[in-house]
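Undergrad: The structure is given below, and queries will be raised subsequently.
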Amino acid sequence: MPDILFTCAGTTDPVRGGHDGGILHIMRYYRPEKVYLFLSKEMVDYEKKDHRFERTFRYASEKWSYLLEWHEEQTDLEDVADLDAVSEPLYGFFRRAVEENPGCRILINLSSGTPQMKIILAQLALSLQAPVLGVQVLNPKKQSGDSKRTNDPDYDVEFELELNEDDEPGAPNRCLEPKLLAVQRDRQRAQIRSLLTRRDYGALAAMDKELPPQLTQLARHLAARSELQMKEAAKLARG
């Protein structure tokens, strides 16, 4: 199935210290057809200043000779360390990506953004709303980086793209697909099967954020029927 990349942007993107940031590295090895990019206010300001992500996407599309479509969610989020403030718009943007791309696999970039964003992205990588795959990009130096970040005032996106060492033949693939996430997702599926076997539709409906929208509606309908709330069940059935 086609791949779609869902990602936040951080201060290692698009290129830092002569190497791909998480976004560009996943694009390099998975070639997603679309990128859904979530930007905090800080990243929006950088994008307006030098168009770093637009230029990166165009560069990748031309260099690798493939059609790429991208969508930016430009927000006014300033306190990106506030988990609650980040959660709602990020989840909403993810639902949009899922709804606009039925039948596609959603790649979740686990390596870009603030620690709070990465927590939410890891949760999304466990989602049952669509086929998802969490992808982590390892640090090229296997330690805390000491090179200038992309929020440095002198950052030059064209310079960084042209001197990117990951373009060299033999450069390693640093993408990792954490197996732990797949194990946890299988555990969630087993839980859903168990609830269905027991006909515990109330508990199933309570998992609404983890289910595809159409199955959430069906679970609510079944829960209403099992509780003999026939008017509510009929109302949900019409949807």
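Following the order of the structure tokens, chains are lettered A, B, ..., residues in each are numbered from 1, and ligands are numbered from 1.
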If you run DSSP on the backbone, which residues of segment 8-107 of chain A are helix (DSSP H, G or I), as a compact mmCIF listing (two decimals) with N, CA and C atoms, in the first residue's frame?
TA:
# COMPACT_ATOMS: atom_id res chain seq x y z
N GLY A 22 15.31 13.63 10.87
CA GLY A 22 14.40 12.50 10.81
C GLY A 22 13.47 12.53 9.61
N ILE A 23 12.94 13.70 9.28
CA ILE A 23 11.98 13.80 8.17
C ILE A 23 12.62 13.38 6.86
N LEU A 24 13.75 13.98 6.53
CA LEU A 24 14.39 13.72 5.24
C LEU A 24 14.90 12.28 5.16
N HIS A 25 15.37 11.73 6.29
CA HIS A 25 15.91 10.37 6.25
C HIS A 25 14.81 9.34 5.99
N ILE A 26 13.65 9.54 6.61
CA ILE A 26 12.54 8.62 6.34
C ILE A 26 12.09 8.75 4.90
N MET A 27 12.03 9.98 4.39
CA MET A 27 11.68 10.18 2.98
C MET A 27 12.67 9.47 2.07
N ARG A 28 13.93 9.52 2.40
CA ARG A 28 14.99 8.92 1.57
C ARG A 28 14.77 7.42 1.38
N TYR A 29 14.38 6.73 2.44
CA TYR A 29 14.33 5.27 2.39
C TYR A 29 12.93 4.69 2.21
N TYR A 30 11.89 5.49 2.44
CA TYR A 30 10.53 4.97 2.29
C TYR A 30 9.78 5.59 1.11
N LYS A 41 4.72 27.32 16.32
CA LYS A 41 4.89 28.70 15.88
C LYS A 41 6.35 29.00 15.54
N GLU A 42 7.28 28.47 16.35
CA GLU A 42 8.71 28.69 16.07
C GLU A 42 9.07 28.16 14.68
N MET A 43 8.59 26.96 14.36
CA MET A 43 8.92 26.36 13.07
C MET A 43 8.19 27.08 11.93
N VAL A 44 6.99 27.58 12.21
CA VAL A 44 6.28 28.37 11.20
C VAL A 44 7.10 29.62 10.86
N ASP A 45 7.66 30.26 11.88
CA ASP A 45 8.47 31.46 11.65
C ASP A 45 9.70 31.16 10.80
N TYR A 46 10.34 30.02 11.06
CA TYR A 46 11.51 29.64 10.25
C TYR A 46 11.10 29.34 8.81
N GLU A 47 9.94 28.70 8.66
CA GLU A 47 9.47 28.37 7.32
C GLU A 47 9.15 29.64 6.53
N LYS A 48 8.56 30.62 7.20
CA LYS A 48 8.27 31.89 6.53
C LYS A 48 9.56 32.64 6.17
N LYS A 49 10.57 32.47 7.01
CA LYS A 49 11.83 33.18 6.81
C LYS A 49 12.62 32.63 5.63
N ASP A 50 12.79 31.30 5.56
CA ASP A 50 13.67 30.74 4.51
C ASP A 50 13.05 29.59 3.72
N ARG A 52 12.40 26.57 4.42
CA ARG A 52 13.29 25.42 4.52
C ARG A 52 12.62 24.08 4.19
N PHE A 53 11.37 23.93 4.59
CA PHE A 53 10.72 22.64 4.34
C PHE A 53 10.21 22.57 2.90
N GLU A 54 9.64 23.63 2.42
CA GLU A 54 9.22 23.66 1.02
C GLU A 54 10.41 23.39 0.11
N ARG A 55 11.56 24.02 0.38
CA ARG A 55 12.75 23.82 -0.44
C ARG A 55 13.28 22.39 -0.31
N THR A 56 13.18 21.84 0.90
CA THR A 56 13.63 20.46 1.11
C THR A 56 12.77 19.48 0.34
N PHE A 57 11.45 19.66 0.39
CA PHE A 57 10.55 18.75 -0.32
C PHE A 57 10.76 18.84 -1.83
N ARG A 58 10.93 20.04 -2.33
CA ARG A 58 11.17 20.21 -3.76
C ARG A 58 12.51 19.59 -4.16
N TYR A 59 13.51 19.80 -3.32
CA TYR A 59 14.84 19.24 -3.57
C TYR A 59 14.77 17.71 -3.63
N ALA A 60 14.11 17.09 -2.65
CA ALA A 60 14.01 15.64 -2.61
C ALA A 60 13.23 15.10 -3.81
N SER A 61 12.13 15.78 -4.15
CA SER A 61 11.31 15.34 -5.27
C SER A 61 12.10 15.38 -6.58
N GLU A 62 12.87 16.43 -6.77
CA GLU A 62 13.65 16.56 -8.00
C GLU A 62 14.85 15.62 -8.00
N LYS A 63 15.55 15.51 -6.88
CA LYS A 63 16.76 14.69 -6.82
C LYS A 63 16.45 13.20 -6.96
N LEU A 83 2.17 19.32 27.22
CA LEU A 83 1.63 18.12 26.59
C LEU A 83 0.17 18.27 26.22
N ASP A 84 -0.63 18.88 27.10
CA ASP A 84 -2.06 19.04 26.83
C ASP A 84 -2.29 20.00 25.66
N ALA A 85 -1.49 21.07 25.57
CA ALA A 85 -1.66 22.04 24.50
C ALA A 85 -1.32 21.43 23.14
N VAL A 86 -0.34 20.56 23.11
CA VAL A 86 0.10 19.94 21.86
C VAL A 86 -0.84 18.82 21.42
N SER A 87 -1.41 18.12 22.39
CA SER A 87 -2.15 16.89 22.12
C SER A 87 -3.32 17.08 21.16
N GLU A 88 -4.23 18.00 21.46
CA GLU A 88 -5.46 18.12 20.66
C GLU A 88 -5.20 18.46 19.20
N PRO A 89 -4.40 19.51 18.88
CA PRO A 89 -4.18 19.81 17.46
C PRO A 89 -3.40 18.72 16.74
N LEU A 90 -2.49 18.04 17.45
CA LEU A 90 -1.71 16.99 16.79
C LEU A 90 -2.58 15.78 16.49
N TYR A 91 -3.44 15.40 17.43
CA TYR A 91 -4.38 14.30 17.18
C TYR A 91 -5.35 14.67 16.04
N GLY A 92 -5.82 15.92 16.04
CA GLY A 92 -6.73 16.35 14.99
C GLY A 92 -6.09 16.28 13.61
N PHE A 93 -4.84 16.69 13.51
CA PHE A 93 -4.12 16.65 12.24
C PHE A 93 -3.91 15.20 11.79
N PHE A 94 -3.66 14.31 12.75
CA PHE A 94 -3.50 12.89 12.43
C PHE A 94 -4.80 12.32 11.87
N ARG A 95 -5.94 12.65 12.51
CA ARG A 95 -7.22 12.16 12.00
C ARG A 95 -7.46 12.64 10.58
N ARG A 96 -7.08 13.88 10.30
CA ARG A 96 -7.22 14.40 8.94
C ARG A 96 -6.38 13.57 7.96
N ALA A 97 -5.14 13.26 8.33
CA ALA A 97 -4.27 12.47 7.46
C ALA A 97 -4.87 11.10 7.18
N VAL A 98 -5.44 10.49 8.22
CA VAL A 98 -6.06 9.16 8.05
C VAL A 98 -7.27 9.25 7.13
N GLU A 99 -8.15 10.23 7.38
CA GLU A 99 -9.39 10.36 6.60
C GLU A 99 -9.12 10.68 5.14
N GLU A 100 -8.06 11.45 4.86
CA GLU A 100 -7.76 11.84 3.49
C GLU A 100 -7.01 10.77 2.71
Undergrad: Residues within 12 Å of Gln123 of chain A, please, as a PyMOL selection string. Count only C-alpha atoms; anything in the same chain fewer than 3 positions from it doesn't count.
TA: chain A and resi 87+90-91+94+108-110+116-120+126-129+132-134+181-182+184-185+209-210
Undergrad: My list of candidates is A:Thr11, A:Ser65, A:Thr75, A:Asn101. Which is closest to Ser40 of chain A when distances are computed with only C-alpha atoms?
TA: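 With only C-alpha atoms as the atom set, the closest residue is A:Thr75.
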Undergrad: Which one of A:Leu195, A:Leu211, A:Ala9, A:Ala125 sits closest to Val183 of chain A if you count only C-alpha atoms?
TA: A:Ala125
Undergrad: Between A:Pro140, A:Ile106, A:Arg149, A:Trp70, single out the one closest to Asp13 of chain A, counting only C-alpha atoms.
TA: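 Checking each of A:Pro140, A:Ile106, A:Arg149, A:Trp70 against Asp13 of chain A, counting only C-alpha atoms, the winner is A:Arg149.
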Undergrad: Between atom CA of Asp186 of chain A and atom CA of Ala205 of chain A, what is the spacing in Å?
TA: 18.7 Å
Undergrad: For atom CA of Phe6 of chain A and atom CA of Val35 of chain A, quote the distance in Å rounded to one decimal.
TA: 6.0 Å
